[in-house]
Amino acid sequence: MSFLEVTQWLLEGFSTTLLLFAFTLILSLPLGLVLMFGTTTKFWPVKILTRAFVYIIRGTPLMLQLMVVYYIPGIVFHYSVLKWPIFGGNVPLAQFCCALFTFVMNYACYFSEIYRGGIQSIPKGQYEAGQVLGMTKSQVFFKVILLQVVKNILAPVSNETITLVKDTALANIIAVTEIIFFAERALNLHNIIWPMFYTGVFYLGFNALLTFIFNRLERKLSYIRS
Amino acid sequence: MKKLFAGLTLVMVAVMMFTGCAGGANTATGDEAGSDLATIKAAGQMVIGITEYDPMNYYDEDGTLIGFDTEYAQAVCEKLGVEAKFQVINWKTKEAELAAGNIDAIWNGLTVTEERKNDMDFTDPYLTNKQCIVINKDNASAYTSADKMTSAIITAESGSAGETAILADESLAKATFTPADSQKNALVALAAGNADAAVIDITLATASVGQGTYENLMIVEGIDLADEQYAIGFRVGSDLTAEVNKITDELIESGTMAKLAEKYELTDRFNEALQIAE
């Protein structure tokens, strides 16, 4: 296999990696907010349930969760995910969706904890000052608190985002055809190991882009000095 | 403290309920699997779990999937009146794929072992297989037989027939064993010098040694560690096992199997399997 052929192959795999990454980020960022409201609410049944969920997801390996989502429906309930009508017999789609679901759940939990930390780091005095000035609770949240929270959580969120790019590699345990899967395929079919090392270039390149974007964002928000 | 105990008990009860329910489901698989033949005929296809490797399931220059197992499966499926649909799986989780119903068969140079009989039913073996020792060419003069490898570092896929063969061999059992996560990675470790010898399938060894990353590797001639057989794996209690055995007998009668074996240079091993069957 020539260098160009391998590059083409890996690019095909990396496009799946990027899709998984993008959809996970888009879906888990808002879901994390919902979860955070659950874990911080005073309504105790919701609080216990969401906290238990976050505990289970954060307390088990992502690779295990992938296998649970992909195999348990078939093994326990005799209804293989591959036979679910919504996937219309499209096996790669079903595998991708299983991986996406798992990643979204996983990252939403981590994001919810980052949000919680970010909001709880704002001193109570600011809420009180807002009230004294006659602002409503929502006015205080959106006009005073939110932007500070965004600034505070930007660094941990960028950290998670970069971790996500690399975590997508785990999806190959359920045969999602991401970039590592293609590198293993090159080893199986053409007996060459170097494409595996070459995948690092793709991850590094994409993470360079992400680092650049997050640095720009941080600079934009740096007018608030804490 | 009391609350903590209550919480722990709750978790344990939940786990027990879950495992209990999973156990019940397993027994159910055995009963329900009786309809496998009807299920695949209704679906019009048999989903066959494979990994891609030469000479079982690989691609020709046009990108068409070929190989001994590919053509064998297609021939059987044609007689069944269904389409053979090949699905690449992760070999590590093949039992789960089969149990979950994601695939209907494991048909990819699958070695018959006693342990695997708990997870699947095997057809009659169609090829024999052997485990061989692969070494670096630089060590060709040092490692000429197994009894010279007692101080070597030996690798094999964890839980594979190769590992069993190492443990069963008097000399190799004395060597330092280091597990690999796949047979291919055992070869990579060998090429990288992280191990002195690897014990893998002769099928895989013949197809990969001397190429690409494995350019500097060689098979130690004259050592056949363990005699094994390849068969197709179906779900436990599946009626496909008997049906595919019957069709295979027809394919042997008509000479189709012999032709296939010749095409992929497996004639000796096909004949050996025939002898064992008799």
# chains A, B, ... in the order shown; residues from 1 in each chain; ligands from 1

call {"tool": "select_by_dssp", "arguments": {"residues": "segment 53-202 of chain B", "states": "alpha helix (DSSP H)", "output": "PyMOL selection string"}}
result
chain B and resi 68-80+94-99+161-168+183-191+202

call {"tool": "residues_around", "arguments": {"residues": "Val199 of chain B", "least_positions_apart": "3", "cutoff": "9 Å", "atoms": "only C-alpha atoms", "output": "list in words"}}
result
Gln131, Cys132, Ile133, Val134, Ile154, Thr155, Ala156, Glu157, Ala161, Gly162, Glu163, Ala165, Ile166, Gln183, Ala186, Leu187, Ile202 and Leu225 of chain B

call {"tool": "write_last_selection", "arguments": {"atoms": "all heavy atoms", "output": "compact mmCIF listing (two decimals), in the first residue's frame"}}
result
# COMPACT_ATOMS: atom_id res chain seq x y z
N GLN B 131 -0.60 -24.74 15.15
CA GLN B 131 0.07 -23.58 15.71
C GLN B 131 1.54 -23.71 15.37
O GLN B 131 2.11 -24.81 15.45
CB GLN B 131 -0.11 -23.55 17.23
CG GLN B 131 -1.55 -23.39 17.67
CD GLN B 131 -2.10 -22.01 17.35
OE1 GLN B 131 -1.45 -20.99 17.59
NE2 GLN B 131 -3.30 -21.97 16.80
N CYS B 132 2.17 -22.60 14.97
CA CYS B 132 3.59 -22.68 14.64
C CYS B 132 4.34 -21.60 15.40
O CYS B 132 3.74 -20.68 15.94
CB CYS B 132 3.81 -22.54 13.14
SG CYS B 132 3.37 -20.93 12.53
N ILE B 133 5.65 -21.74 15.42
CA ILE B 133 6.48 -20.74 16.11
C ILE B 133 7.10 -19.82 15.07
O ILE B 133 7.67 -20.27 14.08
CB ILE B 133 7.60 -21.42 16.94
CG1 ILE B 133 6.99 -22.43 17.92
CG2 ILE B 133 8.42 -20.38 17.69
CD1 ILE B 133 8.01 -23.19 18.74
N VAL B 134 6.95 -18.51 15.29
CA VAL B 134 7.55 -17.52 14.41
C VAL B 134 8.67 -16.82 15.18
O VAL B 134 8.50 -16.51 16.36
CB VAL B 134 6.51 -16.49 13.94
CG1 VAL B 134 7.13 -15.47 12.99
CG2 VAL B 134 5.34 -17.18 13.27
N ILE B 154 8.28 -15.42 25.04
CA ILE B 154 7.35 -15.92 24.02
C ILE B 154 6.02 -15.22 24.14
O ILE B 154 5.51 -15.03 25.25
CB ILE B 154 7.17 -17.44 24.14
CG1 ILE B 154 8.53 -18.12 23.96
CG2 ILE B 154 6.18 -17.95 23.11
CD1 ILE B 154 8.45 -19.59 23.77
N THR B 155 5.45 -14.84 23.01
CA THR B 155 4.17 -14.16 23.02
C THR B 155 3.14 -14.92 22.20
O THR B 155 3.50 -15.69 21.30
CB THR B 155 4.31 -12.70 22.51
OG1 THR B 155 3.07 -12.04 22.69
CG2 THR B 155 4.72 -12.66 21.06
N ALA B 156 1.87 -14.73 22.54
CA ALA B 156 0.75 -15.29 21.78
C ALA B 156 -0.47 -14.48 22.17
O ALA B 156 -0.46 -13.79 23.20
CB ALA B 156 0.54 -16.76 22.12
N GLU B 157 -1.51 -14.56 21.36
CA GLU B 157 -2.74 -13.85 21.70
C GLU B 157 -3.29 -14.42 23.01
O GLU B 157 -3.36 -15.64 23.18
CB GLU B 157 -3.78 -14.01 20.59
CG GLU B 157 -5.06 -13.28 20.90
CD GLU B 157 -6.14 -13.55 19.87
OE1 GLU B 157 -5.82 -14.02 18.76
OE2 GLU B 157 -7.30 -13.30 20.20
N ALA B 161 -5.47 -20.34 21.05
CA ALA B 161 -4.95 -21.70 20.97
C ALA B 161 -3.43 -21.68 21.09
O ALA B 161 -2.82 -22.63 21.57
CB ALA B 161 -5.37 -22.34 19.66
N GLY B 162 -2.81 -20.58 20.66
CA GLY B 162 -1.36 -20.43 20.77
C GLY B 162 -0.89 -20.46 22.21
O GLY B 162 0.09 -21.12 22.54
N GLU B 163 -1.63 -19.74 23.07
CA GLU B 163 -1.26 -19.72 24.49
C GLU B 163 -1.39 -21.12 25.08
O GLU B 163 -0.51 -21.59 25.81
CB GLU B 163 -2.15 -18.74 25.26
CG GLU B 163 -1.73 -18.63 26.71
CD GLU B 163 -2.60 -17.68 27.53
OE1 GLU B 163 -3.30 -16.84 26.92
OE2 GLU B 163 -2.59 -17.80 28.76
N ALA B 165 -1.11 -23.90 23.52
CA ALA B 165 -0.02 -24.72 22.99
C ALA B 165 1.28 -24.47 23.74
O ALA B 165 2.04 -25.40 24.00
CB ALA B 165 0.16 -24.43 21.50
N ILE B 166 1.52 -23.20 24.09
CA ILE B 166 2.75 -22.87 24.83
C ILE B 166 2.74 -23.58 26.19
O ILE B 166 3.72 -24.18 26.61
CB ILE B 166 2.86 -21.35 25.02
CG1 ILE B 166 3.15 -20.68 23.67
CG2 ILE B 166 3.98 -21.00 26.02
CD1 ILE B 166 3.07 -19.17 23.70
N GLN B 183 -3.40 -11.86 17.43
CA GLN B 183 -2.29 -12.60 16.82
C GLN B 183 -1.39 -11.66 16.03
O GLN B 183 -0.17 -11.80 16.03
CB GLN B 183 -2.84 -13.68 15.89
CG GLN B 183 -3.66 -14.72 16.63
CD GLN B 183 -3.72 -16.02 15.83
OE1 GLN B 183 -2.73 -16.72 15.67
NE2 GLN B 183 -4.89 -16.35 15.35
N ALA B 186 0.85 -9.88 18.27
CA ALA B 186 1.93 -10.76 18.73
C ALA B 186 3.08 -10.69 17.73
O ALA B 186 4.26 -10.63 18.11
CB ALA B 186 1.42 -12.19 18.87
N LEU B 187 2.73 -10.66 16.43
CA LEU B 187 3.76 -10.56 15.40
C LEU B 187 4.44 -9.19 15.43
O LEU B 187 5.65 -9.08 15.20
CB LEU B 187 3.16 -10.81 14.02
CG LEU B 187 2.81 -12.25 13.65
CD1 LEU B 187 2.35 -12.32 12.21
CD2 LEU B 187 4.00 -13.17 13.88
N ILE B 202 -0.93 -21.32 11.85
CA ILE B 202 -0.07 -21.46 10.66
C ILE B 202 -0.72 -20.75 9.45
O ILE B 202 -0.03 -20.23 8.59
CB ILE B 202 0.25 -22.94 10.35
CG1 ILE B 202 1.40 -23.02 9.35
CG2 ILE B 202 -0.96 -23.68 9.83
CD1 ILE B 202 2.39 -24.09 9.63
N LEU B 225 2.85 -27.50 16.75
CA LEU B 225 2.58 -27.56 18.19
C LEU B 225 1.29 -28.27 18.53
O LEU B 225 1.27 -29.26 19.23
CB LEU B 225 2.57 -26.15 18.76
CG LEU B 225 3.96 -25.55 18.93
CD1 LEU B 225 3.87 -24.13 19.40
CD2 LEU B 225 4.78 -26.39 19.90

call {"tool": "closest_residue", "arguments": {"among": "B:Ser141, B:Thr248, B:Asn118, B:Thr213", "to": "Trp194 of chain A", "atoms": "only C-alpha atoms"}}
result
B:Thr213

call {"tool": "closest_atom_pairs", "arguments": {"of": "chain B", "to": "chain A", "cutoff": "8 Å", "atoms": "only C-alpha atoms", "output": "CSV"}}
result
residue,atom,partner,partner_atom,distance
B:Cys21,CA,A:Val76,CA,7.6
B:Ala22,CA,A:Val76,CA,5.6
B:Ala25,CA,A:Val76,CA,5.6
B:Asn26,CA,A:Ile75,CA,7.6
B:Glu52,CA,A:Asn188,CA,6.4
B:Tyr53,CA,A:Leu189,CA,5.7
B:Asp54,CA,A:Leu189,CA,7.0
B:Tyr58,CA,A:Leu189,CA,6.9
B:Val88,CA,A:Ala175,CA,7.2
B:Ile89,CA,A:Ala175,CA,5.8
B:Asn90,CA,A:Ala175,CA,5.9
B:Ala96,CA,A:Tyr71,CA,6.5
B:Glu97,CA,A:Tyr71,CA,6.9
B:Ala99,CA,A:Ile75,CA,5.6
B:Ala100,CA,A:Gly74,CA,3.8
B:Gly101,CA,A:Ser80,CA,5.6
B:Asn102,CA,A:Ser80,CA,5.8
B:Lys184,CA,A:Asn188,CA,7.1
B:Val188,CA,A:Ile193,CA,7.5
B:Ser208,CA,A:Asn191,CA,6.2
B:Gln211,CA,A:Asn191,CA,6.3
B:Gly212,CA,A:Ile192,CA,5.0
B:Thr213,CA,A:Ile192,CA,5.0
B:Tyr214,CA,A:Asn191,CA,6.9

call {"tool": "closest_residue", "arguments": {"among": "A:Leu100, A:Ile213, A:Trp84, A:Gln95", "to": "Gln87 of chain B", "atoms": "only C-alpha atoms"}}
result
A:Gln95

call {"tool": "residues_around", "arguments": {"residues": "Ala258 of chain B", "least_positions_apart": "5", "cutoff": "10 Å", "atoms": "only C-alpha atoms", "output": "PDB file with all heavy atoms, in the first residue's frame"}}
result
ATOM      1  N   LEU B 251     -21.624 -30.330  -0.742  1.00  0.00           N
ATOM      2  CA  LEU B 251     -20.561 -29.596  -1.437  1.00  0.00           C
ATOM      3  C   LEU B 251     -19.286 -30.430  -1.533  1.00  0.00           C
ATOM      4  O   LEU B 251     -18.527 -30.299  -2.492  1.00  0.00           O
ATOM      5  CB  LEU B 251     -20.256 -28.274  -0.714  1.00  0.00           C
ATOM      6  CG  LEU B 251     -21.359 -27.205  -0.783  1.00  0.00           C
ATOM      7  CD1 LEU B 251     -21.010 -26.024   0.122  1.00  0.00           C
ATOM      8  CD2 LEU B 251     -21.569 -26.707  -2.210  1.00  0.00           C
ATOM      9  N   ILE B 252     -19.073 -31.293  -0.531  1.00  0.00           N
ATOM     10  CA  ILE B 252     -17.903 -32.190  -0.583  1.00  0.00           C
ATOM     11  C   ILE B 252     -18.129 -33.236  -1.682  1.00  0.00           C
ATOM     12  O   ILE B 252     -17.268 -33.489  -2.518  1.00  0.00           O
ATOM     13  CB  ILE B 252     -17.657 -32.862   0.785  1.00  0.00           C
ATOM     14  CG1 ILE B 252     -17.198 -31.816   1.806  1.00  0.00           C
ATOM     15  CG2 ILE B 252     -16.617 -33.973   0.669  1.00  0.00           C
ATOM     16  CD1 ILE B 252     -17.151 -32.297   3.235  1.00  0.00           C
ATOM     17  N   GLU B 253     -19.338 -33.822  -1.705  1.00  0.00           N
ATOM     18  CA  GLU B 253     -19.720 -34.812  -2.724  1.00  0.00           C
ATOM     19  C   GLU B 253     -19.500 -34.270  -4.125  1.00  0.00           C
ATOM     20  O   GLU B 253     -18.919 -34.940  -4.982  1.00  0.00           O
ATOM     21  CB  GLU B 253     -21.204 -35.170  -2.564  1.00  0.00           C
ATOM     22  CG  GLU B 253     -21.531 -35.988  -1.336  1.00  0.00           C
ATOM     23  CD  GLU B 253     -21.162 -37.453  -1.508  1.00  0.00           C
ATOM     24  OE1 GLU B 253     -21.505 -37.995  -2.580  1.00  0.00           O
ATOM     25  OE2 GLU B 253     -20.540 -38.018  -0.593  1.00  0.00           O
ATOM     26  N   LYS B 263      -7.897 -23.801  -4.862  1.00  0.00           N
ATOM     27  CA  LYS B 263      -7.763 -22.398  -5.263  1.00  0.00           C
ATOM     28  C   LYS B 263      -6.986 -21.600  -4.212  1.00  0.00           C
ATOM     29  O   LYS B 263      -6.191 -20.737  -4.543  1.00  0.00           O
ATOM     30  CB  LYS B 263      -9.161 -21.802  -5.457  1.00  0.00           C
ATOM     31  CG  LYS B 263      -9.181 -20.354  -5.911  1.00  0.00           C
ATOM     32  CD  LYS B 263     -10.599 -19.915  -6.268  1.00  0.00           C
ATOM     33  CE  LYS B 263     -10.664 -18.420  -6.503  1.00  0.00           C
ATOM     34  NZ  LYS B 263     -12.052 -17.965  -6.648  1.00  0.00           N
ATOM     35  N   LEU B 266      -5.099 -24.870   0.130  1.00  0.00           N
ATOM     36  CA  LEU B 266      -5.380 -25.473   1.430  1.00  0.00           C
ATOM     37  C   LEU B 266      -5.724 -26.954   1.295  1.00  0.00           C
ATOM     38  O   LEU B 266      -6.303 -27.550   2.204  1.00  0.00           O
ATOM     39  CB  LEU B 266      -6.562 -24.738   2.102  1.00  0.00           C
ATOM     40  CG  LEU B 266      -6.340 -23.253   2.434  1.00  0.00           C
ATOM     41  CD1 LEU B 266      -7.660 -22.573   2.737  1.00  0.00           C
ATOM     42  CD2 LEU B 266      -5.388 -23.094   3.598  1.00  0.00           C
ATOM     43  N   THR B 267      -5.361 -27.550   0.170  1.00  0.00           N
ATOM     44  CA  THR B 267      -5.778 -28.912  -0.129  1.00  0.00           C
ATOM     45  C   THR B 267      -5.370 -29.914   0.952  1.00  0.00           C
ATOM     46  O   THR B 267      -6.195 -30.716   1.398  1.00  0.00           O
ATOM     47  CB  THR B 267      -5.192 -29.359  -1.488  1.00  0.00           C
ATOM     48  OG1 THR B 267      -5.657 -28.444  -2.475  1.00  0.00           O
ATOM     49  CG2 THR B 267      -5.645 -30.768  -1.855  1.00  0.00           C
ATOM     50  N   PHE B 270      -7.468 -29.525   3.987  1.00  0.00           N
ATOM     51  CA  PHE B 270      -8.849 -29.942   3.740  1.00  0.00           C
ATOM     52  C   PHE B 270      -8.939 -31.472   3.780  1.00  0.00           C
ATOM     53  O   PHE B 270      -9.833 -32.049   4.401  1.00  0.00           O
ATOM     54  CB  PHE B 270      -9.310 -29.394   2.390  1.00  0.00           C
ATOM     55  CG  PHE B 270     -10.614 -29.951   1.915  1.00  0.00           C
ATOM     56  CD1 PHE B 270     -11.798 -29.665   2.599  1.00  0.00           C
ATOM     57  CD2 PHE B 270     -10.671 -30.765   0.792  1.00  0.00           C
ATOM     58  CE1 PHE B 270     -13.008 -30.183   2.166  1.00  0.00           C
ATOM     59  CE2 PHE B 270     -11.874 -31.282   0.354  1.00  0.00           C
ATOM     60  CZ  PHE B 270     -13.047 -30.993   1.048  1.00  0.00           C
ATOM     61  N   ASN B 271      -7.950 -32.138   3.148  1.00  0.00           N
ATOM     62  CA  ASN B 271      -7.942 -33.605   3.144  1.00  0.00           C
ATOM     63  C   ASN B 271      -7.777 -34.173   4.546  1.00  0.00           C
ATOM     64  O   ASN B 271      -8.398 -35.182   4.898  1.00  0.00           O
ATOM     65  CB  ASN B 271      -6.828 -34.129   2.227  1.00  0.00           C
ATOM     66  CG  ASN B 271      -7.168 -33.898   0.758  1.00  0.00           C
ATOM     67  OD1 ASN B 271      -8.346 -33.768   0.410  1.00  0.00           O
ATOM     68  ND2 ASN B 271      -6.156 -33.813  -0.081  1.00  0.00           N
TER      69      ASN B 271
END

call {"tool": "closest_residue", "arguments": {"among": "B:Asp147, B:Glu221, B:Glu114, B:Asp239", "to": "Thr206 of chain B", "atoms": "only C-alpha atoms"}}
result
B:Glu221

call {"tool": "residues_around", "arguments": {"residues": "segment 102-104 of chain A", "least_positions_apart": "3", "cutoff": "12 Å", "atoms": "only C-alpha atoms", "output": "ChimeraX atom specification"}}
result
/A:20-32,35,57-58,60-70,95-99,107-112,160-161,163-171,174

call {"tool": "atom_distance", "arguments": {"atom1": "atom CA of Ala152 of chain B", "atom2": "atom CA of Ile200 of chain B"}}
result
16.1 Å

call {"tool": "residues_around", "arguments": {"residues": "Pro125 of chain B", "least_positions_apart": "5", "cutoff": "8 Å", "atoms": "only C-alpha atoms", "output": "compact mmCIF listing (two decimals) with N, CA and C atoms, in the first residue's frame"}}
result
# COMPACT_ATOMS: atom_id res chain seq x y z
N VAL B 112 -11.89 -24.86 16.86
CA VAL B 112 -12.76 -25.57 17.79
C VAL B 112 -12.02 -25.75 19.12
N GLN B 229 -8.75 -27.85 14.63
CA GLN B 229 -9.65 -27.83 13.48
C GLN B 229 -10.45 -26.55 13.42
N TYR B 230 -10.73 -26.15 12.19
CA TYR B 230 -11.59 -24.99 11.96
C TYR B 230 -13.03 -25.48 11.74
N ALA B 231 -13.98 -24.77 12.33
CA ALA B 231 -15.38 -25.06 12.09
C ALA B 231 -16.16 -23.76 12.13
N ILE B 232 -17.43 -23.84 11.79
CA ILE B 232 -18.29 -22.66 11.83
C ILE B 232 -19.00 -22.66 13.18
N ALA B 273 -8.79 -32.81 7.27
CA ALA B 273 -10.07 -32.65 7.97
C ALA B 273 -11.05 -33.74 7.54
N ALA B 277 -12.84 -36.66 9.84
CA ALA B 277 -14.29 -36.84 9.84
C ALA B 277 -14.66 -38.30 9.68

call {"tool": "residues_around", "arguments": {"residues": "Ile122 of chain A", "least_positions_apart": "3", "cutoff": "12 Å", "atoms": "only C-alpha atoms", "output": "JSON, numbers by chain"}}
result
{"A": [115, 116, 117, 118, 119, 125, 126, 127, 128, 140, 141, 144, 145, 146, 147, 148, 149, 150, 151, 152, 153, 226]}

call {"tool": "atom_distance", "arguments": {"atom1": "atom CA of Glu78 of chain B", "atom2": "atom CA of Ile247 of chain B"}}
result
10.1 Å

call {"tool": "residues_around", "arguments": {"residues": "Phe3 of chain A", "least_positions_apart": "3", "cutoff": "12 Å", "atoms": "only C-alpha atoms", "output": "mmCIF file with N, CA and C atoms, in the first residue's frame"}}
result
data_model
loop_
_atom_site.group_PDB
_atom_site.id
_atom_site.type_symbol
_atom_site.label_atom_id
_atom_site.label_comp_id
_atom_site.auth_asym_id
_atom_site.auth_seq_id
_atom_site.Cartn_x
_atom_site.Cartn_y
_atom_site.Cartn_z
ATOM 1 N N VAL A 6 -2.778 4.882 1.767
ATOM 2 C CA VAL A 6 -2.990 4.802 3.217
ATOM 3 C C VAL A 6 -3.611 6.107 3.710
ATOM 4 N N THR A 7 -3.094 7.237 3.214
ATOM 5 C CA THR A 7 -3.635 8.532 3.622
ATOM 6 C C THR A 7 -5.124 8.620 3.291
ATOM 7 N N GLN A 8 -5.471 8.167 2.092
ATOM 8 C CA GLN A 8 -6.877 8.188 1.682
ATOM 9 C C GLN A 8 -7.737 7.345 2.624
ATOM 10 N N TRP A 9 -7.215 6.164 2.950
ATOM 11 C CA TRP A 9 -7.915 5.240 3.851
ATOM 12 C C TRP A 9 -8.139 5.877 5.206
ATOM 13 N N LEU A 10 -7.046 6.413 5.746
ATOM 14 C CA LEU A 10 -7.113 6.982 7.087
ATOM 15 C C LEU A 10 -8.032 8.197 7.102
ATOM 16 N N ALA A 186 -5.336 -2.045 7.912
ATOM 17 C CA ALA A 186 -4.114 -2.057 7.104
ATOM 18 C C ALA A 186 -3.175 -3.147 7.610
ATOM 19 N N ILE A 192 1.079 -4.163 7.442
ATOM 20 C CA ILE A 192 1.925 -3.000 7.730
ATOM 21 C C ILE A 192 1.430 -2.313 8.997
ATOM 22 N N TRP A 194 2.898 0.703 10.146
ATOM 23 C CA TRP A 194 3.134 2.155 10.179
ATOM 24 C C TRP A 194 1.873 3.017 10.059
ATOM 25 N N PRO A 195 0.812 2.570 9.351
ATOM 26 C CA PRO A 195 -0.387 3.424 9.350
ATOM 27 C C PRO A 195 -0.910 3.712 10.762
ATOM 28 N N TYR A 198 0.962 6.552 11.995
ATOM 29 C CA TYR A 198 0.615 7.698 11.147
ATOM 30 C C TYR A 198 -0.685 8.359 11.629
#

call {"tool": "closest_residue", "arguments": {"among": "B:Arg116, B:Ser254, B:Val244, B:Thr164", "to": "Cys77 of chain B", "atoms": "only C-alpha atoms"}}
result
B:Val244
